[in-house]
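**Q** Can you read through this structure? Questions will come right after.
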Amino acid sequence: AKMGRIAALLLAMLGCVSLQASVAFITPTLPLSTRTALLGNKGAARERSNNLALSLSSQSEAPTFLILPGFGNAAVDYVNPFGQGEELSISSSLSKRGIEVEVMPLDRIEWLNVLRGVFTLSFWLGKTTPYEPAYGWYVERARETLSRVSQEAGARGVVIVGHSAGGWLGRAVVGDGEWIGDEKIKALVTLGAPHFPPPSDEYPDVKDMTQGALTYTHEMFPGAHVKDFGIACVSVGSSGIRGNDQAERGTPERSAHASYRMVCGQGDVVGDGVVPLSSCHLEGADEITMSCYHSISPVGGPYEETRGVWYGSDAVVDEWLNTVWKATGVSKPSGN
């Protein structure tokens with residue numbers, strides 16, 4: 001029976017990857033070089049991701065933007081998505097605007113580290129924290145990267161951009177602020193982040209899929225808590241897709257209904273196709289509501305008219321970027 005519960009949990013976690021990340025990343029066959037970077041030598045993949053980011057960066061007086069990948073994503077998704085060209089990436093969109101960009105080194109396969117949590121009692125009790133084995137490796141990596149990038153940026157500082165799970169984990173990275181030393185964090189920006197666990201009193205059958213880590217973050221670091229440390233906070237969500245369980249199978253609306261219900265307990269609401277809008281905005285933050293998809297999709301992929309534009313697309317990135325400049329008091333840099 002215990003092994004059955006473990007198997008069920010693993011399947012649920014894989015389902016969480018599918019709904020919260022892979023809906024947007026049903027990839028065609030990637031080039032061999034990209035697959036090797038994702039699944040091969042970890043050090044080589046990190047070096048490749050860093051080199052890609054550096055090749056897109058441009059020097060300016062603006063803060064360096066550090067991107068924290070979402071659940072199931074790898075660094076390469078934000079630099080050369082699907083191997084279809086760096087010009088399609090969020091790194092390119094920001095670089096064009098005079099911003100130096102870094103992406104936290106991360107291989108897709110490293111998300112299996114979440115399974116470390118099965119060896120802790122708190123995980124089984126649904127009481128784990130983002131600092132324990134399931135997610136602690138991510139927080140530690142993010143802090144190490146942030147410290148390095150901050151040191152390199154100097155007085156310009158750093159803007160943390162957390163996409164999807166990278167958003168709520170970014171709140172845990174800042175935490176209670178005690179670990180912050182010389183790091184000069186200008187802002188925390190969250191793109192399509194599921195900031196709240198499902199309300200258990202209203203939807204007891206919908207569980208916190210992080211086994212308590214998201215609940216802990218929400219309760220211990222509520223709203224735009226980073227502002228207590230002089231860090232601006234911008235939460236970005238989308239109302240572009242309404243979930244509909246009566247829509248044709250495989251459509252964005254049908255997929256959205258299932259994903260929204262996992263995140264907030266309700267499927268017939270609006271959101272970005274993966275995370276409902278109601279889960280994206282933090283009290284006290286500068287809130288931006290767009291009309292776009294959750295993650296970048298392959299060019300020519302299915303339902304491109306719905307999934308073709310996401311938070312990092314060149315055509316819409318200024319919708320939240322302009323608010324970042326206002327919130328931080330930083331002058332808008334001149335692009336290339």
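As shown in the structure tokens, the chain order sets the letters A, B, ...; within each chain, residues go from 1, and ligands are also counted from 1 in the order they appear.
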Which residues are close to range 310-320 of chain A, i.e. within 9 Å by only C-alpha atoms, leaving aside same-chain residues fewer than 4 positions away? Reply as an mmCIF file with all heavy atoms, in the first residue's frame.
**A**
data_model
loop_
_atom_site.group_PDB
_atom_site.id
_atom_site.type_symbol
_atom_site.label_atom_id
_atom_site.label_comp_id
_atom_site.auth_asym_id
_atom_site.auth_seq_id
_atom_site.Cartn_x
_atom_site.Cartn_y
_atom_site.Cartn_z
ATOM 1 N N TYR A 78 14.885 29.992 -22.151
ATOM 2 C CA TYR A 78 14.826 31.443 -22.057
ATOM 3 C C TYR A 78 15.920 32.116 -22.889
ATOM 4 O O TYR A 78 16.034 33.342 -22.899
ATOM 5 C CB TYR A 78 14.956 31.873 -20.594
ATOM 6 C CG TYR A 78 13.898 31.233 -19.728
ATOM 7 C CD1 TYR A 78 14.125 30.001 -19.108
ATOM 8 C CD2 TYR A 78 12.643 31.820 -19.562
ATOM 9 C CE1 TYR A 78 13.143 29.382 -18.338
ATOM 10 C CE2 TYR A 78 11.661 31.214 -18.801
ATOM 11 C CZ TYR A 78 11.913 29.992 -18.188
ATOM 12 O OH TYR A 78 10.930 29.380 -17.438
ATOM 13 N N LEU A 88 14.214 34.580 -30.694
ATOM 14 C CA LEU A 88 12.848 34.332 -30.231
ATOM 15 C C LEU A 88 12.728 34.332 -28.708
ATOM 16 O O LEU A 88 11.641 34.208 -28.167
ATOM 17 C CB LEU A 88 12.355 32.977 -30.760
ATOM 18 C CG LEU A 88 12.264 32.829 -32.285
ATOM 19 C CD1 LEU A 88 11.865 31.403 -32.643
ATOM 20 C CD2 LEU A 88 11.282 33.834 -32.868
ATOM 21 N N SER A 89 13.837 34.478 -28.013
ATOM 22 C CA SER A 89 13.850 34.308 -26.566
ATOM 23 C C SER A 89 13.554 35.595 -25.806
ATOM 24 O O SER A 89 13.693 36.700 -26.319
ATOM 25 C CB SER A 89 15.223 33.782 -26.124
ATOM 26 O OG SER A 89 16.209 34.799 -26.285
ATOM 27 N N ILE A 90 13.185 35.429 -24.549
ATOM 28 C CA ILE A 90 12.991 36.578 -23.660
ATOM 29 C C ILE A 90 14.323 37.275 -23.422
ATOM 30 O O ILE A 90 14.367 38.506 -23.266
ATOM 31 C CB ILE A 90 12.353 36.143 -22.320
ATOM 32 C CG1 ILE A 90 12.081 37.375 -21.430
ATOM 33 C CG2 ILE A 90 13.206 35.119 -21.595
ATOM 34 C CD1 ILE A 90 11.319 37.052 -20.154
ATOM 35 N N SER A 91 15.412 36.520 -23.425
ATOM 36 C CA SER A 91 16.730 37.144 -23.264
ATOM 37 C C SER A 91 17.000 38.124 -24.394
ATOM 38 O O SER A 91 17.527 39.222 -24.179
ATOM 39 C CB SER A 91 17.821 36.067 -23.234
ATOM 40 O OG SER A 91 17.727 35.286 -22.073
ATOM 41 N N SER A 92 16.613 37.747 -25.602
ATOM 42 C CA SER A 92 16.787 38.634 -26.750
ATOM 43 C C SER A 92 15.885 39.856 -26.639
ATOM 44 O O SER A 92 16.310 40.986 -26.908
ATOM 45 C CB SER A 92 16.484 37.881 -28.053
ATOM 46 O OG SER A 92 16.581 38.733 -29.170
ATOM 47 N N SER A 93 14.634 39.642 -26.219
ATOM 48 C CA SER A 93 13.690 40.754 -26.073
ATOM 49 C C SER A 93 14.232 41.805 -25.106
ATOM 50 O O SER A 93 14.125 43.013 -25.351
ATOM 51 C CB SER A 93 12.331 40.244 -25.572
ATOM 52 O OG SER A 93 11.740 39.355 -26.496
ATOM 53 N N LEU A 94 14.807 41.348 -24.003
ATOM 54 C CA LEU A 94 15.336 42.273 -23.003
ATOM 55 C C LEU A 94 16.653 42.899 -23.465
ATOM 56 O O LEU A 94 16.896 44.088 -23.253
ATOM 57 C CB LEU A 94 15.536 41.542 -21.677
ATOM 58 C CG LEU A 94 14.260 41.006 -21.014
ATOM 59 C CD1 LEU A 94 14.601 40.167 -19.785
ATOM 60 C CD2 LEU A 94 13.308 42.133 -20.644
ATOM 61 N N LYS A 96 17.632 43.600 -26.444
ATOM 62 C CA LYS A 96 17.362 44.647 -27.434
ATOM 63 C C LYS A 96 17.079 45.985 -26.768
ATOM 64 O O LYS A 96 17.256 47.039 -27.373
ATOM 65 C CB LYS A 96 16.147 44.273 -28.285
ATOM 66 C CG LYS A 96 16.364 43.185 -29.293
ATOM 67 C CD LYS A 96 15.072 43.029 -30.074
ATOM 68 C CE LYS A 96 15.039 41.745 -30.860
ATOM 69 N NZ LYS A 96 13.724 41.597 -31.537
ATOM 70 N N HIS A 163 9.745 33.247 -13.559
ATOM 71 C CA HIS A 163 8.669 32.776 -14.426
ATOM 72 C C HIS A 163 8.002 31.553 -13.806
ATOM 73 O O HIS A 163 8.667 30.619 -13.364
ATOM 74 C CB HIS A 163 9.216 32.404 -15.808
ATOM 75 C CG HIS A 163 8.219 31.720 -16.688
ATOM 76 N ND1 HIS A 163 8.474 30.536 -17.337
ATOM 77 C CD2 HIS A 163 6.934 32.061 -17.018
ATOM 78 C CE1 HIS A 163 7.419 30.178 -18.033
ATOM 79 N NE2 HIS A 163 6.473 31.081 -17.860
ATOM 80 N N VAL A 189 10.169 40.486 -10.046
ATOM 81 C CA VAL A 189 9.096 40.472 -11.042
ATOM 82 C C VAL A 189 8.660 39.028 -11.229
ATOM 83 O O VAL A 189 9.492 38.146 -11.455
ATOM 84 C CB VAL A 189 9.577 41.046 -12.391
ATOM 85 C CG1 VAL A 189 8.432 41.074 -13.403
ATOM 86 C CG2 VAL A 189 10.172 42.435 -12.213
ATOM 87 N N LEU A 191 6.239 36.397 -13.411
ATOM 88 C CA LEU A 191 5.500 36.237 -14.667
ATOM 89 C C LEU A 191 4.690 34.947 -14.616
ATOM 90 O O LEU A 191 5.257 33.845 -14.628
ATOM 91 C CB LEU A 191 6.466 36.192 -15.859
ATOM 92 C CG LEU A 191 7.469 37.336 -16.003
ATOM 93 C CD1 LEU A 191 8.384 37.082 -17.210
ATOM 94 C CD2 LEU A 191 6.757 38.675 -16.143
ATOM 95 N N GLY A 192 3.377 35.067 -14.532
ATOM 96 C CA GLY A 192 2.521 33.883 -14.521
ATOM 97 C C GLY A 192 2.832 32.935 -13.385
ATOM 98 O O GLY A 192 2.815 31.713 -13.560
ATOM 99 N N VAL A 234 6.663 43.470 -8.702
ATOM 100 C CA VAL A 234 5.737 43.570 -9.839
ATOM 101 C C VAL A 234 5.215 42.168 -10.141
ATOM 102 O O VAL A 234 5.999 41.257 -10.428
ATOM 103 C CB VAL A 234 6.437 44.144 -11.093
ATOM 104 C CG1 VAL A 234 5.454 44.211 -12.261
ATOM 105 C CG2 VAL A 234 7.029 45.513 -10.811
ATOM 106 N N SER A 235 3.908 41.988 -10.039
ATOM 107 C CA SER A 235 3.312 40.683 -10.362
ATOM 108 C C SER A 235 2.550 40.798 -11.672
ATOM 109 O O SER A 235 1.750 41.709 -11.869
ATOM 110 C CB SER A 235 2.387 40.209 -9.236
ATOM 111 O OG SER A 235 1.334 41.129 -9.000
ATOM 112 N N VAL A 236 2.822 39.861 -12.563
ATOM 113 C CA VAL A 236 2.260 39.897 -13.911
ATOM 114 C C VAL A 236 1.447 38.631 -14.164
ATOM 115 O O VAL A 236 1.918 37.518 -13.910
ATOM 116 C CB VAL A 236 3.376 40.014 -14.970
ATOM 117 C CG1 VAL A 236 2.772 40.208 -16.365
ATOM 118 C CG2 VAL A 236 4.328 41.154 -14.633
ATOM 119 N N GLY A 237 0.227 38.812 -14.645
ATOM 120 C CA GLY A 237 -0.628 37.681 -14.984
ATOM 121 C C GLY A 237 -1.333 37.946 -16.296
ATOM 122 O O GLY A 237 -1.162 38.998 -16.924
ATOM 123 N N SER A 238 -2.143 36.991 -16.721
ATOM 124 C CA SER A 238 -2.845 37.120 -17.996
ATOM 125 C C SER A 238 -4.299 36.694 -17.857
ATOM 126 O O SER A 238 -4.631 35.804 -17.072
ATOM 127 C CB SER A 238 -2.169 36.263 -19.069
ATOM 128 O OG SER A 238 -2.951 36.188 -20.246
ATOM 129 N N ASP A 272 -3.646 32.455 -18.034
ATOM 130 C CA ASP A 272 -2.717 32.423 -19.168
ATOM 131 C C ASP A 272 -2.664 31.073 -19.865
ATOM 132 O O ASP A 272 -1.765 30.794 -20.646
ATOM 133 C CB ASP A 272 -1.312 32.844 -18.717
ATOM 134 C CG ASP A 272 -0.721 31.923 -17.641
ATOM 135 O OD1 ASP A 272 -1.211 30.789 -17.466
ATOM 136 O OD2 ASP A 272 0.247 32.342 -16.984
ATOM 137 N N GLU A 287 0.554 45.521 -10.052
ATOM 138 C CA GLU A 287 -0.074 44.427 -10.785
ATOM 139 C C GLU A 287 -0.243 44.773 -12.264
ATOM 140 O O GLU A 287 -0.745 45.846 -12.607
ATOM 141 C CB GLU A 287 -1.434 44.095 -10.182
ATOM 142 C CG GLU A 287 -1.366 43.679 -8.714
ATOM 143 C CD GLU A 287 -2.741 43.407 -8.125
ATOM 144 O OE1 GLU A 287 -3.746 43.574 -8.871
ATOM 145 O OE2 GLU A 287 -2.819 43.047 -6.938
ATOM 146 N N ILE A 288 0.154 43.846 -13.122
ATOM 147 C CA ILE A 288 -0.001 44.008 -14.560
ATOM 148 C C ILE A 288 -0.788 42.814 -15.089
ATOM 149 O O ILE A 288 -0.402 41.658 -14.862
ATOM 150 C CB ILE A 288 1.366 44.073 -15.281
ATOM 151 C CG1 ILE A 288 2.226 45.192 -14.706
ATOM 152 C CG2 ILE A 288 1.168 44.240 -16.787
ATOM 153 C CD1 ILE A 288 1.663 46.571 -14.911
ATOM 154 N N THR A 289 -1.876 43.077 -15.785
ATOM 155 C CA THR A 289 -2.668 42.019 -16.403
ATOM 156 C C THR A 289 -2.564 42.148 -17.916
ATOM 157 O O THR A 289 -2.897 43.188 -18.483
ATOM 158 C CB THR A 289 -4.138 42.086 -15.974
ATOM 159 O OG1 THR A 289 -4.230 41.924 -14.554
ATOM 160 C CG2 THR A 289 -4.951 40.987 -16.656
ATOM 161 N N MET A 290 -2.093 41.086 -18.541
ATOM 162 C CA MET A 290 -1.889 41.072 -19.981
ATOM 163 C C MET A 290 -2.877 40.109 -20.635
ATOM 164 O O MET A 290 -3.733 39.537 -19.969
ATOM 165 C CB MET A 290 -0.442 40.651 -20.285
ATOM 166 C CG MET A 290 0.603 41.536 -19.627
ATOM 167 S SD MET A 290 2.298 40.896 -19.751
ATOM 168 C CE MET A 290 2.525 40.865 -21.534
ATOM 169 N N SER A 291 -2.733 39.929 -21.938
ATOM 170 C CA SER A 291 -3.504 38.926 -22.669
ATOM 171 C C SER A 291 -2.511 38.121 -23.489
ATOM 172 O O SER A 291 -2.186 38.461 -24.617
ATOM 173 C CB SER A 291 -4.543 39.578 -23.579
ATOM 174 O OG SER A 291 -5.302 38.586 -24.267
ATOM 175 N N CYS A 292 -1.988 37.063 -22.869
ATOM 176 C CA CYS A 292 -0.955 36.263 -23.521
ATOM 177 C C CYS A 292 -0.979 34.861 -22.943
ATOM 178 O O CYS A 292 -1.739 34.552 -22.029
ATOM 179 C CB CYS A 292 0.411 36.908 -23.331
ATOM 180 S SG CYS A 292 0.977 36.948 -21.606
ATOM 181 N N TYR A 293 -0.101 34.010 -23.485
ATOM 182 C CA TYR A 293 0.004 32.630 -23.021
ATOM 183 C C TYR A 293 1.077 32.526 -21.939
ATOM 184 O O TYR A 293 1.889 33.434 -21.751
ATOM 185 C CB TYR A 293 0.309 31.697 -24.197
ATOM 186 C CG TYR A 293 0.170 30.235 -23.854
ATOM 187 C CD1 TYR A 293 -1.049 29.728 -23.407
ATOM 188 C CD2 TYR A 293 1.244 29.362 -23.959
ATOM 189 C CE1 TYR A 293 -1.190 28.395 -23.071
ATOM 190 C CE2 TYR A 293 1.118 28.021 -23.635
ATOM 191 C CZ TYR A 293 -0.104 27.538 -23.180
ATOM 192 O OH TYR A 293 -0.234 26.223 -22.849
ATOM 193 N N HIS A 294 1.098 31.391 -21.240
ATOM 194 C CA HIS A 294 1.971 31.185 -20.091
ATOM 195 C C HIS A 294 3.447 31.073 -20.453
ATOM 196 O O HIS A 294 4.312 31.630 -19.775
ATOM 197 C CB HIS A 294 1.544 29.915 -19.360
ATOM 198 C CG HIS A 294 2.347 29.599 -18.136
ATOM 199 N ND1 HIS A 294 2.224 30.291 -16.966
ATOM 200 C CD2 HIS A 294 3.317 28.659 -17.909
ATOM 201 C CE1 HIS A 294 3.035 29.793 -16.050
ATOM 202 N NE2 HIS A 294 3.725 28.811 -16.603
ATOM 203 N N SER A 295 3.761 30.335 -21.491
ATOM 204 C CA SER A 295 5.147 30.044 -21.845
ATOM 205 C C SER A 295 5.338 30.135 -23.347
ATOM 206 O O SER A 295 4.376 30.099 -24.111
ATOM 207 C CB SER A 295 5.546 28.632 -21.394
ATOM 208 O OG SER A 295 5.359 28.460 -20.003
ATOM 209 N N ILE A 296 6.601 30.226 -23.759
ATOM 210 C CA ILE A 296 6.884 30.278 -25.177
ATOM 211 C C ILE A 296 6.536 28.942 -25.828
ATOM 212 O O ILE A 296 6.728 27.878 -25.243
ATOM 213 C CB ILE A 296 8.356 30.648 -25.449
ATOM 214 C CG1 ILE A 296 8.557 30.986 -26.927
ATOM 215 C CG2 ILE A 296 9.302 29.555 -24.981
ATOM 216 C CD1 ILE A 296 9.889 31.617 -27.237
ATOM 217 N N SER A 297 5.984 29.000 -27.025
ATOM 218 C CA SER A 297 5.608 27.816 -27.778
ATOM 219 C C SER A 297 6.394 27.766 -29.079
ATOM 220 O O SER A 297 6.844 28.804 -29.578
ATOM 221 C CB SER A 297 4.096 27.836 -28.076
ATOM 222 O OG SER A 297 3.345 27.848 -26.884
ATOM 223 N N VAL A 324 8.373 48.118 -14.335
ATOM 224 C CA VAL A 324 9.583 47.834 -13.571
ATOM 225 C C VAL A 324 10.430 49.097 -13.430
ATOM 226 O O VAL A 324 10.931 49.409 -12.348
ATOM 227 C CB VAL A 324 10.400 46.712 -14.228
ATOM 228 C CG1 VAL A 324 11.734 46.513 -13.496
ATOM 229 C CG2 VAL A 324 9.612 45.402 -14.241
#
**Q** Give me, as a list in words, all polymer residues having an atom no more than 12 Å from Asn244 in chain A, counting only C-alpha atoms and skipping those fewer than 6 positions away in the same chain.
**A**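 In the requested form, the answer reads Gly250, Thr251, Pro252, Glu253, Arg254, Ser255, Ala256, His257, Ala258, Ser259, Tyr260, Arg261, Gln266, Gly267, Asp268, Val269, Val270, Gly271 and Gly273 of chain A.
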**Q** If you count only C-alpha atoms, which residues fall within 7 Å of Leu106 in chain A, apart from same-chain ones fewer than 2 positions away, as a CSV table (one decimal) with all heavy atoms, in the first residue's frame?
**A**
chain,number,residue,atom,x,y,z
A,46,ARG,N,25.4,24.0,-18.2
A,46,ARG,CA,25.4,25.3,-17.5
A,46,ARG,C,26.3,26.3,-18.2
A,46,ARG,O,25.9,27.4,-18.4
A,46,ARG,CB,25.9,25.1,-16.0
A,46,ARG,CG,24.9,24.4,-15.2
A,46,ARG,CD,25.4,24.3,-13.7
A,46,ARG,NE,24.6,23.4,-13.0
A,46,ARG,CZ,24.9,23.0,-11.7
A,46,ARG,NH1,26.0,23.4,-11.2
A,46,ARG,NH2,24.1,22.2,-11.1
A,74,ALA,N,14.1,24.6,-18.5
A,74,ALA,CA,15.6,24.7,-18.4
A,74,ALA,C,16.0,26.1,-18.8
A,74,ALA,O,15.3,26.8,-19.5
A,74,ALA,CB,16.2,23.6,-19.3
A,75,ALA,N,17.3,26.4,-18.5
A,75,ALA,CA,17.8,27.7,-18.9
A,75,ALA,C,17.7,28.0,-20.4
A,75,ALA,O,17.4,29.1,-20.8
A,75,ALA,CB,19.3,27.8,-18.4
A,104,MET,N,19.4,31.7,-14.6
A,104,MET,CA,20.0,30.7,-13.6
A,104,MET,C,20.3,29.4,-14.3
A,104,MET,O,19.4,28.8,-15.0
A,104,MET,CB,19.0,30.5,-12.5
A,104,MET,CG,19.5,29.6,-11.4
A,104,MET,SD,18.3,29.2,-10.1
A,104,MET,CE,17.5,27.8,-10.7
A,108,ARG,N,16.9,20.6,-17.5
A,108,ARG,CA,15.5,20.2,-17.3
A,108,ARG,C,15.4,19.0,-16.4
A,108,ARG,O,14.5,18.9,-15.5
A,108,ARG,CB,14.8,19.9,-18.7
A,108,ARG,CG,13.3,19.9,-18.7
A,108,ARG,CD,12.7,19.6,-20.1
A,108,ARG,NE,13.4,20.4,-21.1
A,108,ARG,CZ,13.2,21.7,-21.4
A,108,ARG,NH1,12.3,22.3,-20.7
A,108,ARG,NH2,13.8,22.2,-22.4
A,110,GLU,N,17.1,18.2,-14.0
A,110,GLU,CA,17.3,18.5,-12.6
A,110,GLU,C,16.1,18.7,-11.8
A,110,GLU,O,16.1,18.6,-10.5
A,110,GLU,CB,18.2,19.8,-12.4
A,110,GLU,CG,19.6,19.6,-12.8
A,110,GLU,CD,20.5,20.8,-12.6
A,110,GLU,OE1,20.6,21.7,-13.5
A,110,GLU,OE2,21.1,20.9,-11.5
**Q** Near Ser122 in chain A, within 10 Å and counting only C-alpha atoms, which residues show up once chain neighbours fewer than 5 positions away are dropped, as a PyMOL selection string?
**A** chain A and resi 117+127-129+132+211-213
**Q** Pull the strand (DSSP E) assignments for range 238-291 of chain A out of DSSP run on the backbone, and list those residues as a PyMOL selection string.
**A** chain A and resi 238+241-242+270-271+286-290
**Q** Filtering to all heavy atoms, could you give me those residues as a JSON list (two decimals), in the first residue's frame?
**A**
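Result file follows (out_6.json):
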[["chain", "number", "residue", "atom", "x", "y", "z"],
["A", 238, "SER", "N", -2.14, 36.99, -16.72],
["A", 238, "SER", "CA", -2.84, 37.12, -18.00],
["A", 238, "SER", "C", -4.30, 36.69, -17.86],
["A", 238, "SER", "O", -4.63, 35.80, -17.07],
["A", 238, "SER", "CB", -2.17, 36.26, -19.07],
["A", 238, "SER", "OG", -2.95, 36.19, -20.25],
["A", 241, "ILE", "N", -7.00, 33.53, -21.63],
["A", 241, "ILE", "CA", -7.68, 32.27, -21.93],
["A", 241, "ILE", "C", -8.62, 31.88, -20.81],
["A", 241, "ILE", "O", -8.21, 31.80, -19.65],
["A", 241, "ILE", "CB", -6.66, 31.14, -22.16],
["A", 241, "ILE", "CG1", -5.71, 31.49, -23.30],
["A", 241, "ILE", "CG2", -7.37, 29.82, -22.46],
["A", 241, "ILE", "CD1", -4.59, 30.49, -23.49],
["A", 242, "ARG", "N", -9.88, 31.65, -21.14],
["A", 242, "ARG", "CA", -10.85, 31.17, -20.15],
["A", 242, "ARG", "C", -10.94, 29.66, -20.24],
["A", 242, "ARG", "O", -11.09, 29.08, -21.31],
["A", 242, "ARG", "CB", -12.23, 31.78, -20.37],
["A", 242, "ARG", "CG", -13.30, 31.24, -19.38],
["A", 242, "ARG", "CD", -14.61, 31.96, -19.50],
["A", 242, "ARG", "NE", -14.53, 33.31, -18.97],
["A", 242, "ARG", "CZ", -14.61, 33.63, -17.66],
["A", 242, "ARG", "NH1", -14.77, 32.65, -16.75],
["A", 242, "ARG", "NH2", -14.54, 34.87, -17.28],
["A", 270, "VAL", "N", -10.42, 32.86, -15.90],
["A", 270, "VAL", "CA", -9.47, 33.33, -16.90],
["A", 270, "VAL", "C", -8.04, 33.22, -16.38],
["A", 270, "VAL", "O", -7.79, 33.22, -15.18],
["A", 270, "VAL", "CB", -9.75, 34.78, -17.33],
["A", 270, "VAL", "CG1", -11.11, 34.88, -18.00],
["A", 270, "VAL", "CG2", -9.63, 35.74, -16.14],
["A", 271, "GLY", "N", -7.11, 33.11, -17.31],
["A", 271, "GLY", "CA", -5.70, 33.02, -16.95],
["A", 271, "GLY", "C", -4.84, 32.97, -18.19],
["A", 271, "GLY", "O", -5.28, 33.37, -19.28],
["A", 286, "ASP", "N", 2.87, 45.98, -7.67],
["A", 286, "ASP", "CA", 2.37, 46.63, -8.88],
["A", 286, "ASP", "C", 1.85, 45.52, -9.78],
["A", 286, "ASP", "O", 2.63, 44.65, -10.21],
["A", 286, "ASP", "CB", 3.49, 47.40, -9.58],
["A", 286, "ASP", "CG", 3.90, 48.64, -8.81],
["A", 286, "ASP", "OD1", 3.09, 49.57, -8.73],
["A", 286, "ASP", "OD2", 5.03, 48.66, -8.28],
["A", 287, "GLU", "N", 0.55, 45.52, -10.05],
["A", 287, "GLU", "CA", -0.07, 44.43, -10.78],
["A", 287, "GLU", "C", -0.24, 44.77, -12.26],
["A", 287, "GLU", "O", -0.75, 45.85, -12.61],
["A", 287, "GLU", "CB", -1.43, 44.09, -10.18],
["A", 287, "GLU", "CG", -1.37, 43.68, -8.71],
["A", 287, "GLU", "CD", -2.74, 43.41, -8.12],
["A", 287, "GLU", "OE1", -3.75, 43.57, -8.87],
["A", 287, "GLU", "OE2", -2.82, 43.05, -6.94],
["A", 288, "ILE", "N", 0.15, 43.85, -13.12],
["A", 288, "ILE", "CA", 0.00, 44.01, -14.56],
["A", 288, "ILE", "C", -0.79, 42.81, -15.09],
["A", 288, "ILE", "O", -0.40, 41.66, -14.86],
["A", 288, "ILE", "CB", 1.37, 44.07, -15.28],
["A", 288, "ILE", "CG1", 2.23, 45.19, -14.71],
["A", 288, "ILE", "CG2", 1.17, 44.24, -16.79],
["A", 288, "ILE", "CD1", 1.66, 46.57, -14.91],
["A", 289, "THR", "N", -1.88, 43.08, -15.79],
["A", 289, "THR", "CA", -2.67, 42.02, -16.40],
["A", 289, "THR", "C", -2.56, 42.15, -17.92],
["A", 289, "THR", "O", -2.90, 43.19, -18.48],
["A", 289, "THR", "CB", -4.14, 42.09, -15.97],
["A", 289, "THR", "OG1", -4.23, 41.92, -14.55],
["A", 289, "THR", "CG2", -4.95, 40.99, -16.66],
["A", 290, "MET", "N", -2.09, 41.09, -18.54],
["A", 290, "MET", "CA", -1.89, 41.07, -19.98],
["A", 290, "MET", "C", -2.88, 40.11, -20.63],
["A", 290, "MET", "O", -3.73, 39.54, -19.97],
["A", 290, "MET", "CB", -0.44, 40.65, -20.29],
["A", 290, "MET", "CG", 0.60, 41.54, -19.63],
["A", 290, "MET", "SD", 2.30, 40.90, -19.75],
["A", 290, "MET", "CE", 2.53, 40.86, -21.53]]
**Q** Contacts of range 164-181 of chain A at 8 Å or less, counting only C-alpha atoms, minus same-chain residues fewer than 4 places along, as a PyMOL selection string?
**A** chain A and resi 68-71+130+139-140+142-143+160+188-195+214+217+221+226+229+294
**Q** Taking only C-alpha atoms into account, which of A:Gly136, A:Ala232, A:Phe196, A:Arg249 comes nearest Val275 in chain A?
**A**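 The shortest atom-to-atom distance to Val275 in chain A comes from A:Phe196.
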**Q** Using only C-alpha atoms, which of the listed residues (A:Val114, A:Ser95, A:Gly85, A:Tyr216) sits closest to Ser334 in chain A?
**A**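 For Ser334 in chain A, the nearest of the candidates is A:Ser95.
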**Q** From the set A:Ser239, A:Thr215, A:Thr328, A:Ser278, which residue has the shortest atom-to-atom contact distance to Lys184 in chain A, counting only C-alpha atoms?
**A** A:Thr328
**Q** DSSP on the backbone, then: every residue of range 154-309 of chain A marked alpha helix (DSSP H), written as a PDB file with C-alpha atoms, in the first residue's frame.
**A**
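Output file selection34.pdb is given in full below:
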ATOM      1  CA  ALA A 165       7.233  28.457 -10.228  1.00  0.00           C
ATOM      2  CA  GLY A 166      10.339  30.638 -10.407  1.00  0.00           C
ATOM      3  CA  GLY A 167       8.080  33.444  -9.191  1.00  0.00           C
ATOM      4  CA  TRP A 168       6.955  31.943  -5.894  1.00  0.00           C
ATOM      5  CA  LEU A 169      10.357  30.342  -5.405  1.00  0.00           C
ATOM      6  CA  GLY A 170      11.827  33.802  -5.952  1.00  0.00           C
ATOM      7  CA  ARG A 171       9.861  34.980  -2.919  1.00  0.00           C
ATOM      8  CA  ALA A 172      11.412  32.118  -0.940  1.00  0.00           C
ATOM      9  CA  VAL A 173      14.856  33.085  -2.244  1.00  0.00           C
ATOM     10  CA  VAL A 174      14.483  36.531  -0.665  1.00  0.00           C
ATOM     11  CA  ALA A 213       6.225  24.444   0.029  1.00  0.00           C
ATOM     12  CA  LEU A 214       3.901  26.913  -1.701  1.00  0.00           C
ATOM     13  CA  THR A 215       1.618  27.076   1.346  1.00  0.00           C
ATOM     14  CA  TYR A 216       4.618  27.848   3.553  1.00  0.00           C
ATOM     15  CA  THR A 217       5.810  30.599   1.213  1.00  0.00           C
ATOM     16  CA  HIS A 218       2.340  32.141   1.057  1.00  0.00           C
ATOM     17  CA  GLU A 219       1.916  32.118   4.837  1.00  0.00           C
ATOM     18  CA  MET A 220       5.429  33.151   5.860  1.00  0.00           C
ATOM     19  CA  PRO A 252      -6.011  25.692 -25.047  1.00  0.00           C
ATOM     20  CA  GLU A 253      -9.359  26.279 -23.346  1.00  0.00           C
ATOM     21  CA  ARG A 254      -9.824  22.607 -22.421  1.00  0.00           C
ATOM     22  CA  SER A 255      -6.231  22.271 -21.172  1.00  0.00           C
ATOM     23  CA  ALA A 256      -6.576  25.523 -19.249  1.00  0.00           C
ATOM     24  CA  HIS A 257      -9.637  24.273 -17.378  1.00  0.00           C
ATOM     25  CA  ALA A 258      -7.745  21.244 -16.048  1.00  0.00           C
ATOM     26  CA  SER A 259      -4.670  23.275 -15.133  1.00  0.00           C
ATOM     27  CA  TYR A 260      -6.584  26.120 -13.473  1.00  0.00           C
ATOM     28  CA  ARG A 261      -8.491  23.643 -11.337  1.00  0.00           C
ATOM     29  CA  MET A 262      -5.222  22.107 -10.094  1.00  0.00           C
ATOM     30  CA  VAL A 263      -3.908  25.539  -9.180  1.00  0.00           C
ATOM     31  CA  CYS A 264      -6.906  27.314  -7.639  1.00  0.00           C
ATOM     32  CA  GLU A 304      -0.327  29.341 -32.504  1.00  0.00           C
ATOM     33  CA  GLU A 305      -2.910  32.130 -32.641  1.00  0.00           C
ATOM     34  CA  THR A 306      -3.568  31.529 -28.921  1.00  0.00           C
ATOM     35  CA  ARG A 307      -0.182  30.330 -27.714  1.00  0.00           C
TER      36      ARG A 307
END
